[in-house]
$ cat start-v4.cif   # mmCIF, C-alpha atoms; chains and numbers go by the auth columns
data_input
#
loop_
_atom_site.group_PDB
_atom_site.id
_atom_site.type_symbol
_atom_site.label_atom_id
_atom_site.label_comp_id
_atom_site.label_asym_id
_atom_site.label_seq_id
_atom_site.Cartn_x
_atom_site.Cartn_y
_atom_site.Cartn_z
_atom_site.B_iso_or_equiv
_atom_site.auth_seq_id
_atom_site.auth_asym_id
ATOM 1 C CA MET A 1 3.111 14.294 -0.019 0.00 1 A
ATOM 2 C CA TYR A 2 3.376 11.144 -2.100 0.00 2 A
ATOM 3 C CA HIS A 3 5.897 10.431 -4.823 0.00 3 A
ATOM 4 C CA HIS A 4 5.441 7.554 -7.261 0.00 4 A
ATOM 5 C CA ILE A 5 8.519 5.570 -8.267 0.00 5 A
ATOM 6 C CA LYS A 6 8.190 3.707 -11.580 0.00 6 A
ATOM 7 C CA LYS A 7 9.308 0.429 -10.039 0.00 7 A
ATOM 8 C CA LEU A 8 7.153 -2.059 -8.196 0.00 8 A
ATOM 9 C CA MET A 9 7.907 -2.867 -4.596 0.00 9 A
ATOM 10 C CA PHE A 10 8.102 -6.505 -5.742 0.00 10 A
ATOM 11 C CA THR A 11 8.501 -7.557 -9.379 0.00 11 A
ATOM 12 C CA VAL A 12 5.586 -9.585 -10.753 0.00 12 A
ATOM 13 C CA ARG A 13 5.542 -11.731 -13.889 0.00 13 A
ATOM 14 C CA VAL A 14 2.929 -13.956 -15.493 0.00 14 A
ATOM 15 C CA ASP A 15 3.788 -16.784 -17.885 0.00 15 A
ATOM 16 C CA ALA A 16 0.229 -17.815 -18.739 0.00 16 A
ATOM 17 C CA PRO A 17 -2.589 -15.367 -17.912 0.00 17 A
ATOM 18 C CA ASP A 18 -5.437 -16.889 -15.935 0.00 18 A
ATOM 19 C CA PRO A 19 -8.496 -14.591 -15.956 0.00 19 A
ATOM 20 C CA ARG A 20 -10.201 -16.617 -13.211 0.00 20 A
ATOM 21 C CA PHE A 21 -7.241 -16.088 -10.918 0.00 21 A
ATOM 22 C CA GLY A 22 -7.133 -12.437 -11.945 0.00 22 A
ATOM 23 C CA ASN A 23 -10.739 -12.092 -10.880 0.00 23 A
ATOM 24 C CA MET A 24 -9.874 -13.619 -7.506 0.00 24 A
ATOM 25 C CA LEU A 25 -7.092 -11.059 -7.107 0.00 25 A
ATOM 26 C CA LEU A 26 -9.658 -8.286 -7.381 0.00 26 A
ATOM 27 C CA GLU A 27 -10.750 -9.307 -3.885 0.00 27 A
ATOM 28 C CA GLN A 28 -7.295 -8.436 -2.611 0.00 28 A
ATOM 29 C CA PHE A 29 -7.321 -5.212 -4.644 0.00 29 A
ATOM 30 C CA GLY A 30 -10.722 -3.693 -3.928 0.00 30 A
ATOM 31 C CA GLY A 31 -12.380 -6.067 -1.481 0.00 31 A
ATOM 32 C CA ALA A 32 -13.288 -5.570 2.161 0.00 32 A
ATOM 33 C CA ASN A 33 -9.918 -6.931 3.305 0.00 33 A
ATOM 34 C CA GLY A 34 -7.966 -5.704 0.286 0.00 34 A
ATOM 35 C CA GLU A 35 -5.026 -3.372 -0.150 0.00 35 A
ATOM 36 C CA LEU A 36 -7.064 -0.269 -0.975 0.00 36 A
ATOM 37 C CA ALA A 37 -9.075 -0.590 2.228 0.00 37 A
ATOM 38 C CA ALA A 38 -5.879 -1.125 4.225 0.00 38 A
ATOM 39 C CA ALA A 39 -4.130 1.872 2.645 0.00 39 A
ATOM 40 C CA MET A 40 -7.093 4.150 3.332 0.00 40 A
ATOM 41 C CA GLN A 41 -7.675 2.878 6.864 0.00 41 A
ATOM 42 C CA TYR A 42 -4.082 3.317 8.037 0.00 42 A
ATOM 43 C CA SER A 43 -3.598 6.645 6.261 0.00 43 A
ATOM 44 C CA ILE A 44 -6.788 8.269 7.546 0.00 44 A
ATOM 45 C CA GLN A 45 -6.153 6.959 11.044 0.00 45 A
ATOM 46 C CA GLY A 46 -2.701 8.537 10.767 0.00 46 A
ATOM 47 C CA ILE A 47 -4.115 11.895 9.704 0.00 47 A
ATOM 48 C CA ASN A 48 -6.435 11.828 12.723 0.00 48 A
ATOM 49 C CA CYS A 49 -3.731 10.749 15.169 0.00 49 A
ATOM 50 C CA ASP A 50 -2.359 13.303 17.679 0.00 50 A
ATOM 51 C CA ASP A 51 0.425 11.080 18.998 0.00 51 A
ATOM 52 C CA PRO A 52 3.433 11.836 16.717 0.00 52 A
ATOM 53 C CA ALA A 53 5.076 8.424 17.128 0.00 53 A
ATOM 54 C CA CYS A 54 1.883 6.499 16.397 0.00 54 A
ATOM 55 C CA LYS A 55 1.089 8.883 13.532 0.00 55 A
ATOM 56 C CA ASP A 56 4.490 8.036 12.018 0.00 56 A
ATOM 57 C CA LEU A 57 3.720 4.330 12.400 0.00 57 A
ATOM 58 C CA LEU A 58 0.292 4.606 10.768 0.00 58 A
ATOM 59 C CA MET A 59 1.521 6.726 7.861 0.00 59 A
ATOM 60 C CA ASP A 60 4.450 4.342 7.288 0.00 60 A
ATOM 61 C CA ILE A 61 2.066 1.400 7.003 0.00 61 A
ATOM 62 C CA GLY A 62 -0.541 3.286 4.968 0.00 62 A
ATOM 63 C CA THR A 63 2.088 4.270 2.408 0.00 63 A
ATOM 64 C CA GLU A 64 3.398 0.708 2.208 0.00 64 A
ATOM 65 C CA GLU A 65 -0.140 -0.549 1.627 0.00 65 A
ATOM 66 C CA LEU A 66 -0.380 1.745 -1.415 0.00 66 A
ATOM 67 C CA SER A 67 2.695 -0.044 -2.759 0.00 67 A
ATOM 68 C CA HIS A 68 0.956 -3.383 -2.161 0.00 68 A
ATOM 69 C CA LEU A 69 -2.084 -2.044 -4.031 0.00 69 A
ATOM 70 C CA GLU A 70 0.074 -1.303 -7.066 0.00 70 A
ATOM 71 C CA VAL A 71 1.684 -4.763 -6.974 0.00 71 A
ATOM 72 C CA VAL A 72 -1.635 -6.613 -6.664 0.00 72 A
ATOM 73 C CA GLY A 73 -3.275 -4.402 -9.280 0.00 73 A
ATOM 74 C CA THR A 74 -0.461 -4.949 -11.767 0.00 74 A
ATOM 75 C CA LEU A 75 -0.581 -8.713 -11.257 0.00 75 A
ATOM 76 C CA ALA A 76 -4.372 -8.815 -11.587 0.00 76 A
ATOM 77 C CA ARG A 77 -4.252 -6.779 -14.799 0.00 77 A
ATOM 78 C CA MET A 78 -1.729 -9.207 -16.301 0.00 78 A
ATOM 79 C CA HIS A 79 -4.064 -12.115 -15.604 0.00 79 A
ATOM 80 C CA LEU A 80 -7.155 -10.255 -16.832 0.00 80 A
ATOM 81 C CA LYS A 81 -5.594 -9.115 -20.103 0.00 81 A
ATOM 82 C CA PRO A 82 -7.213 -11.881 -22.261 0.00 82 A
ATOM 83 C CA LEU A 83 -10.640 -10.484 -21.327 0.00 83 A
ATOM 84 C CA LYS A 84 -9.988 -7.420 -23.498 0.00 84 A
ATOM 85 C CA SER A 85 -10.689 -9.530 -26.586 0.00 85 A
ATOM 86 C CA LEU A 86 -14.202 -9.923 -28.021 0.00 86 A
ATOM 87 C CA GLU A 87 -14.359 -13.513 -26.833 0.00 87 A
ATOM 88 C CA GLY A 88 -13.206 -12.470 -23.383 0.00 88 A
ATOM 89 C CA ALA A 89 -15.763 -9.681 -23.223 0.00 89 A
ATOM 90 C CA GLU A 90 -18.536 -12.164 -23.949 0.00 90 A
ATOM 91 C CA SER A 91 -17.341 -14.452 -21.149 0.00 91 A
ATOM 92 C CA ASP A 92 -17.015 -11.711 -18.534 0.00 92 A
ATOM 93 C CA PRO A 93 -18.558 -8.358 -19.543 0.00 93 A
ATOM 94 C CA LEU A 94 -18.224 -6.976 -16.012 0.00 94 A
ATOM 95 C CA ILE A 95 -14.437 -6.867 -16.210 0.00 95 A
ATOM 96 C CA ALA A 96 -14.028 -6.470 -19.964 0.00 96 A
ATOM 97 C CA ILE A 97 -16.522 -3.634 -20.412 0.00 97 A
ATOM 98 C CA ALA A 98 -17.601 -2.142 -17.079 0.00 98 A
ATOM 99 C CA GLY A 99 -14.136 -2.609 -15.607 0.00 99 A
ATOM 100 C CA GLY A 100 -12.186 -1.340 -18.604 0.00 100 A
ATOM 101 C CA GLY A 101 -10.527 -4.705 -19.161 0.00 101 A
ATOM 102 C CA GLY A 102 -8.446 -4.501 -16.009 0.00 102 A
ATOM 103 C CA VAL A 103 -8.677 -3.624 -12.341 0.00 103 A
ATOM 104 C CA ASN A 104 -11.271 -1.286 -10.946 0.00 104 A
ATOM 105 C CA LEU A 105 -12.731 -0.431 -7.579 0.00 105 A
ATOM 106 C CA PHE A 106 -14.775 -3.559 -7.046 0.00 106 A
ATOM 107 C CA ASN A 107 -14.208 -6.985 -5.545 0.00 107 A
ATOM 108 C CA SER A 108 -14.197 -10.411 -7.196 0.00 108 A
ATOM 109 C CA GLU A 109 -18.008 -10.480 -7.237 0.00 109 A
ATOM 110 C CA GLY A 110 -18.332 -7.074 -8.865 0.00 110 A
ATOM 111 C CA ASN A 111 -19.433 -5.248 -5.722 0.00 111 A
ATOM 112 C CA PRO A 112 -18.091 -1.668 -5.666 0.00 112 A
ATOM 113 C CA TRP A 113 -15.540 -0.623 -3.086 0.00 113 A
ATOM 114 C CA THR A 114 -17.036 1.337 -0.212 0.00 114 A
ATOM 115 C CA ALA A 115 -15.705 3.382 2.677 0.00 115 A
ATOM 116 C CA ASP A 116 -17.941 1.239 4.886 0.00 116 A
ATOM 117 C CA TYR A 117 -15.046 -1.243 4.842 0.00 117 A
ATOM 118 C CA LEU A 118 -12.978 1.171 6.940 0.00 118 A
ATOM 119 C CA LYS A 119 -12.771 1.161 10.719 0.00 119 A
ATOM 120 C CA ILE A 120 -11.872 4.682 11.834 0.00 120 A
ATOM 121 C CA THR A 121 -12.967 5.972 15.234 0.00 121 A
ATOM 122 C CA GLY A 122 -10.408 8.613 16.192 0.00 122 A
ATOM 123 C CA GLU A 123 -9.639 6.618 19.348 0.00 123 A
ATOM 124 C CA LEU A 124 -6.116 5.283 18.913 0.00 124 A
ATOM 125 C CA ASP A 125 -6.497 2.160 21.062 0.00 125 A
ATOM 126 C CA VAL A 126 -9.730 1.197 19.286 0.00 126 A
ATOM 127 C CA ASP A 127 -8.270 1.856 15.822 0.00 127 A
ATOM 128 C CA LEU A 128 -5.157 -0.203 16.568 0.00 128 A
ATOM 129 C CA ARG A 129 -7.313 -3.138 17.665 0.00 129 A
ATOM 130 C CA SER A 130 -9.255 -2.853 14.403 0.00 130 A
ATOM 131 C CA ASN A 131 -5.965 -2.933 12.510 0.00 131 A
ATOM 132 C CA ILE A 132 -4.832 -6.063 14.329 0.00 132 A
ATOM 133 C CA ALA A 133 -8.098 -7.761 13.385 0.00 133 A
ATOM 134 C CA ALA A 134 -7.748 -6.602 9.759 0.00 134 A
ATOM 135 C CA GLU A 135 -4.207 -7.982 9.508 0.00 135 A
ATOM 136 C CA ALA A 136 -5.390 -11.295 10.942 0.00 136 A
ATOM 137 C CA ARG A 137 -8.075 -11.481 8.245 0.00 137 A
ATOM 138 C CA ALA A 138 -5.517 -10.594 5.574 0.00 138 A
ATOM 139 C CA LYS A 139 -3.448 -13.639 6.542 0.00 139 A
ATOM 140 C CA ILE A 140 -6.375 -15.817 5.478 0.00 140 A
ATOM 141 C CA VAL A 141 -6.103 -14.409 1.936 0.00 141 A
ATOM 142 C CA ILE A 142 -2.304 -14.147 1.673 0.00 142 A
ATOM 143 C CA PRO A 143 -0.082 -15.952 4.200 0.00 143 A
ATOM 144 C CA PRO A 144 2.940 -13.889 5.329 0.00 144 A
ATOM 145 C CA THR A 145 6.274 -14.560 3.618 0.00 145 A
ATOM 146 C CA PRO A 146 9.063 -15.596 6.028 0.00 146 A
ATOM 147 C CA GLY A 147 11.697 -12.884 6.287 0.00 147 A
ATOM 148 C CA ILE A 148 9.576 -10.185 4.693 0.00 148 A
ATOM 149 C CA VAL A 149 7.117 -10.354 7.570 0.00 149 A
ATOM 150 C CA ASP A 150 9.909 -9.095 9.869 0.00 150 A
ATOM 151 C CA GLN A 151 10.739 -6.078 7.693 0.00 151 A
ATOM 152 C CA TYR A 152 9.520 -2.578 8.578 0.00 152 A
ATOM 153 C CA TYR A 153 9.433 -0.078 5.716 0.00 153 A
ATOM 154 C CA ASN A 154 10.143 3.501 6.758 0.00 154 A
ATOM 155 C CA ASP A 155 7.938 5.094 4.103 0.00 155 A
ATOM 156 C CA SER A 156 6.901 8.248 5.993 0.00 156 A
ATOM 157 C CA THR A 157 9.987 10.461 6.122 0.00 157 A
ATOM 158 C CA GLY A 158 11.166 14.033 6.517 0.00 158 A
ATOM 159 C CA GLU A 159 10.195 16.600 9.137 0.00 159 A
ATOM 160 C CA GLY A 160 6.584 17.659 9.592 0.00 160 A
ATOM 161 C CA ASP A 161 5.090 21.085 10.219 0.00 161 A
ATOM 162 C CA ASP A 162 5.275 20.586 13.980 0.00 162 A
ATOM 163 C CA GLY A 163 8.768 19.102 13.990 0.00 163 A
ATOM 164 C CA GLU A 164 7.646 15.479 13.682 0.00 164 A
ATOM 165 C CA THR A 165 10.349 13.134 12.511 0.00 165 A
ATOM 166 C CA ASP A 166 10.965 9.383 12.288 0.00 166 A
ATOM 167 C CA TYR A 167 10.264 7.590 15.556 0.00 167 A
ATOM 168 C CA GLU A 168 11.539 4.345 17.024 0.00 168 A
ATOM 169 C CA GLY A 169 9.425 2.008 19.108 0.00 169 A
ATOM 170 C CA PRO A 170 8.621 -1.648 19.704 0.00 170 A
ATOM 171 C CA TRP A 171 6.952 -1.756 16.288 0.00 171 A
ATOM 172 C CA ASN A 172 10.203 -1.172 14.355 0.00 172 A
ATOM 173 C CA SER A 173 13.014 -2.284 16.652 0.00 173 A
ATOM 174 C CA GLY A 174 14.150 -5.426 18.466 0.00 174 A
ATOM 175 C CA ASP A 175 13.108 -9.073 18.132 0.00 175 A
ATOM 176 C CA GLY A 176 14.790 -9.529 14.750 0.00 176 A
ATOM 177 C CA MET A 177 12.976 -6.596 13.132 0.00 177 A
ATOM 178 C CA GLU A 178 14.752 -5.173 10.078 0.00 178 A
ATOM 179 C CA VAL A 179 14.096 -1.536 9.180 0.00 179 A
ATOM 180 C CA ILE A 180 14.145 -0.809 5.433 0.00 180 A
ATOM 181 C CA ASP A 181 14.937 2.893 5.292 0.00 181 A
ATOM 182 C CA SER A 182 12.931 4.809 2.672 0.00 182 A
ATOM 183 C CA PRO A 183 13.493 2.386 -0.232 0.00 183 A
ATOM 184 C CA ALA A 184 11.634 4.605 -2.706 0.00 184 A
ATOM 185 C CA LEU A 185 13.864 7.587 -1.867 0.00 185 A
ATOM 186 C CA GLU A 186 17.216 5.847 -2.025 0.00 186 A
ATOM 187 C CA GLY A 187 19.729 8.345 -3.356 0.00 187 A
ATOM 188 C CA PHE A 188 17.640 11.370 -2.370 0.00 188 A
ATOM 189 C CA ALA A 189 17.779 13.737 0.600 0.00 189 A
ATOM 190 C CA VAL A 190 14.416 14.768 2.034 0.00 190 A
ATOM 191 C CA LEU A 191 14.117 18.198 3.600 0.00 191 A
ATOM 192 C CA LYS A 192 11.436 19.628 5.881 0.00 192 A
ATOM 193 C CA ALA A 193 7.951 18.744 4.672 0.00 193 A
ATOM 194 C CA THR A 194 6.328 22.167 5.026 0.00 194 A
ATOM 195 C CA PRO A 195 4.617 24.322 2.375 0.00 195 A
ATOM 196 C CA ARG A 196 7.354 26.932 2.828 0.00 196 A
ATOM 197 C CA THR A 197 10.399 24.756 2.316 0.00 197 A
ATOM 198 C CA ALA A 198 9.170 21.430 0.954 0.00 198 A
ATOM 199 C CA LYS A 199 11.282 19.936 -1.788 0.00 199 A
ATOM 200 C CA THR A 200 13.225 16.780 -2.503 0.00 200 A
ATOM 201 C CA THR A 201 16.763 17.245 -3.778 0.00 201 A
ATOM 202 C CA ARG A 202 19.301 14.827 -5.079 0.00 202 A
ATOM 203 C CA SER A 203 22.035 14.103 -2.591 0.00 203 A
ATOM 204 C CA ALA A 204 25.707 14.404 -3.477 0.00 204 A
ATOM 205 C CA ARG A 205 25.938 10.620 -3.705 0.00 205 A
ATOM 206 C CA ALA A 206 23.056 10.462 -6.170 0.00 206 A
ATOM 207 C CA ARG A 207 24.699 13.130 -8.378 0.00 207 A
ATOM 208 C CA GLY A 208 27.862 11.065 -8.526 0.00 208 A
ATOM 209 C CA ALA A 209 29.917 13.460 -6.413 0.00 209 A
ATOM 210 C CA LYS A 210 33.035 12.069 -4.780 0.00 210 A
#
$ encode --input "start-v4.cif" --output "structure tokens"
Amino acid sequence: MYHHIKKLMFTVRVDAPDPRFGNMLLEQFGGANGELAAAMQYSIQGINCDDPACKDLLMDIGTEELSHLEVVGTLARMHLKPLKSLEGAESDPLIAIAGGGGVNLFNSEGNPWTADYLKITGELDVDLRSNIAAEARAKIVIPPTPGIVDQYYNDSTGEGDDGETDYEGPWNSGDGMEVIDSPALEGFAVLKATPRTAKTTRSARARGAK
């Protein structure tokens, strides 16, 4: 279950829109090494994963990548906004007309997003190696930010149908790693995530109870 919070993971602002830069950002949005591909790859690997701890890891990362997709998409749309004018449409009809004047599922060259970008085998060790390679390629596009690179976002929470819960391992503990606990659900209590009992309720703290 996903729940959208009307607040970006990181606030983005643009003083002077630059459509050329916005077009470049489409590569990070819907390109082979972009956020959409990352979100889908991690999430689908997680769905296929039988190991509960690794499944938790993959779903955590896949959910965070969806947040990155929203941030990059919002920033790209801000830069592409001038293309919604008649003059802008004449200069770049792909984005202004075919793309609806904003982001869409294609890269900076107009090539449509494809599931062929994804590396999903069902073999955990192989999939993890593919993820390592994908993250290495991502660093070429966007270098990691000091401090943030050591944060682990616990975005897959609650208790699953088979009793799965949050797991701890070398990926989210030790060596200066900081765990950010369910930032989107701050102030909420999450119950069991099953069709019979699933619901999210406000905690006493969120209701202002003493």
$ resolve_selection --input "start-v4.cif" --expression "the PyMOL selection byres ((chain A and resi 34-51) around 9)" --output "ChimeraX atom specification"
/A:26-33,52-70,72,105,107,113-115,117-124,127,131,134-135,138
$ residues_around --input "start-v4.cif" --residues "Pro82 of chain A" --least-positions-apart "4" --cutoff "10 Å" --atoms "only C-alpha atoms" --output "ChimeraX atom specification"
/A:17-19,77-78,86-89,96,101-102
$ write_last_selection --input "start-v4.cif" --atoms "C-alpha atoms" --output "CSV table (one decimal), in the frame of the given file"
chain,number,residue,atom,x,y,z
A,17,PRO,CA,-2.6,-15.4,-17.9
A,18,ASP,CA,-5.4,-16.9,-15.9
A,19,PRO,CA,-8.5,-14.6,-16.0
A,77,ARG,CA,-4.3,-6.8,-14.8
A,78,MET,CA,-1.7,-9.2,-16.3
A,86,LEU,CA,-14.2,-9.9,-28.0
A,87,GLU,CA,-14.4,-13.5,-26.8
A,88,GLY,CA,-13.2,-12.5,-23.4
A,89,ALA,CA,-15.8,-9.7,-23.2
A,96,ALA,CA,-14.0,-6.5,-20.0
A,101,GLY,CA,-10.5,-4.7,-19.2
A,102,GLY,CA,-8.4,-4.5,-16.0
$ closest_residue --input "start-v4.cif" --among "A:Met1, A:Asp92, A:Val126, A:Val141" --to "Leu25 of chain A" --atoms "only C-alpha atoms"
A:Val141
$ residues_around --input "start-v4.cif" --residues "Glu178 of chain A" --least-positions-apart "6" --cutoff "7 Å" --atoms "all atoms listed in the file" --output "list in words"
Asp150, Gln151 and Tyr152 of chain A
$ atom_distance --input "start-v4.cif" --atom1 "atom CA of Val14 of chain A" --atom2 "atom CA of Gly73 of chain A"
13.0 Å
$ atom_distance --input "start-v4.cif" --atom1 "atom CA of His79 of chain A" --atom2 "atom CA of Asp116 of chain A"
28.1 Å
$ atom_distance --input "start-v4.cif" --atom1 "atom CA of Ile142 of chain A" --atom2 "atom CA of Ser130 of chain A"
18.4 Å
$ resolve_selection --input "start-v4.cif" --expression "the PyMOL selection byres ((chain A and resi 148) around 12)" --output "number ranges by chain"
A: 9-10, 143-147, 149-153, 176-180
$ decode --input "start-v4.cif" --residues "segment 18-70 of chain A" --atoms "C-alpha atoms" --output "PDB file, in the first residue's frame"
ATOM      1  CA  ASP A  18      15.767  26.850 -18.145  1.00  0.00           C
ATOM      2  CA  PRO A  19      13.952  24.562 -20.617  1.00  0.00           C
ATOM      3  CA  ARG A  20      17.236  23.068 -21.851  1.00  0.00           C
ATOM      4  CA  PHE A  21      18.129  22.006 -18.332  1.00  0.00           C
ATOM      5  CA  GLY A  22      14.579  20.758 -17.839  1.00  0.00           C
ATOM      6  CA  ASN A  23      14.988  18.571 -20.891  1.00  0.00           C
ATOM      7  CA  MET A  24      18.207  17.164 -19.434  1.00  0.00           C
ATOM      8  CA  LEU A  25      16.342  16.330 -16.228  1.00  0.00           C
ATOM      9  CA  LEU A  26      13.987  14.128 -18.216  1.00  0.00           C
ATOM     10  CA  GLU A  27      16.900  11.700 -18.480  1.00  0.00           C
ATOM     11  CA  GLN A  28      16.904  11.379 -14.710  1.00  0.00           C
ATOM     12  CA  PHE A  29      13.104  11.088 -14.697  1.00  0.00           C
ATOM     13  CA  GLY A  30      12.357   8.571 -17.434  1.00  0.00           C
ATOM     14  CA  GLY A  31      15.745   7.515 -18.768  1.00  0.00           C
ATOM     15  CA  ALA A  32      17.522   4.178 -18.541  1.00  0.00           C
ATOM     16  CA  ASN A  33      19.245   5.189 -15.296  1.00  0.00           C
ATOM     17  CA  GLY A  34      16.436   7.422 -14.052  1.00  0.00           C
ATOM     18  CA  GLU A  35      14.257   7.402 -10.966  1.00  0.00           C
ATOM     19  CA  LEU A  36      11.302   5.604 -12.545  1.00  0.00           C
ATOM     20  CA  ALA A  37      13.492   2.700 -13.629  1.00  0.00           C
ATOM     21  CA  ALA A  38      15.059   2.540 -10.164  1.00  0.00           C
ATOM     22  CA  ALA A  39      11.684   2.619  -8.394  1.00  0.00           C
ATOM     23  CA  MET A  40      10.303  -0.162 -10.585  1.00  0.00           C
ATOM     24  CA  GLN A  41      13.433  -2.309 -10.405  1.00  0.00           C
ATOM     25  CA  TYR A  42      13.722  -2.264  -6.611  1.00  0.00           C
ATOM     26  CA  SER A  43       9.983  -2.639  -6.027  1.00  0.00           C
ATOM     27  CA  ILE A  44       9.487  -5.577  -8.390  1.00  0.00           C
ATOM     28  CA  GLN A  45      12.608  -7.277  -7.077  1.00  0.00           C
ATOM     29  CA  GLY A  46      11.122  -6.824  -3.603  1.00  0.00           C
ATOM     30  CA  ILE A  47       7.811  -8.380  -4.611  1.00  0.00           C
ATOM     31  CA  ASN A  48       9.692 -11.390  -5.990  1.00  0.00           C
ATOM     32  CA  CYS A  49      11.972 -11.744  -2.968  1.00  0.00           C
ATOM     33  CA  ASP A  50      11.386 -14.636  -0.517  1.00  0.00           C
ATOM     34  CA  ASP A  51      13.917 -13.464   2.063  1.00  0.00           C
ATOM     35  CA  PRO A  52      11.908 -11.175   4.419  1.00  0.00           C
ATOM     36  CA  ALA A  53      14.873  -9.020   5.456  1.00  0.00           C
ATOM     37  CA  CYS A  54      16.035  -8.429   1.888  1.00  0.00           C
ATOM     38  CA  LYS A  55      12.428  -7.867   0.794  1.00  0.00           C
ATOM     39  CA  ASP A  56      12.160  -5.125   3.437  1.00  0.00           C
ATOM     40  CA  LEU A  57      15.380  -3.574   2.134  1.00  0.00           C
ATOM     41  CA  LEU A  58      14.241  -3.621  -1.498  1.00  0.00           C
ATOM     42  CA  MET A  59      10.791  -2.214  -0.742  1.00  0.00           C
ATOM     43  CA  ASP A  60      12.325   0.529   1.430  1.00  0.00           C
ATOM     44  CA  ILE A  61      14.559   1.622  -1.439  1.00  0.00           C
ATOM     45  CA  GLY A  62      11.871   1.241  -4.111  1.00  0.00           C
ATOM     46  CA  THR A  63       9.520   3.487  -2.145  1.00  0.00           C
ATOM     47  CA  GLU A  64      12.248   6.081  -1.618  1.00  0.00           C
ATOM     48  CA  GLU A  65      12.967   6.068  -5.348  1.00  0.00           C
ATOM     49  CA  LEU A  66       9.319   6.996  -5.983  1.00  0.00           C
ATOM     50  CA  SER A  67       9.915  10.034  -3.775  1.00  0.00           C
ATOM     51  CA  HIS A  68      12.982  10.896  -5.867  1.00  0.00           C
ATOM     52  CA  LEU A  69      10.841  10.557  -9.003  1.00  0.00           C
ATOM     53  CA  GLU A  70       8.410  13.145  -7.657  1.00  0.00           C
TER      54      GLU A  70
END
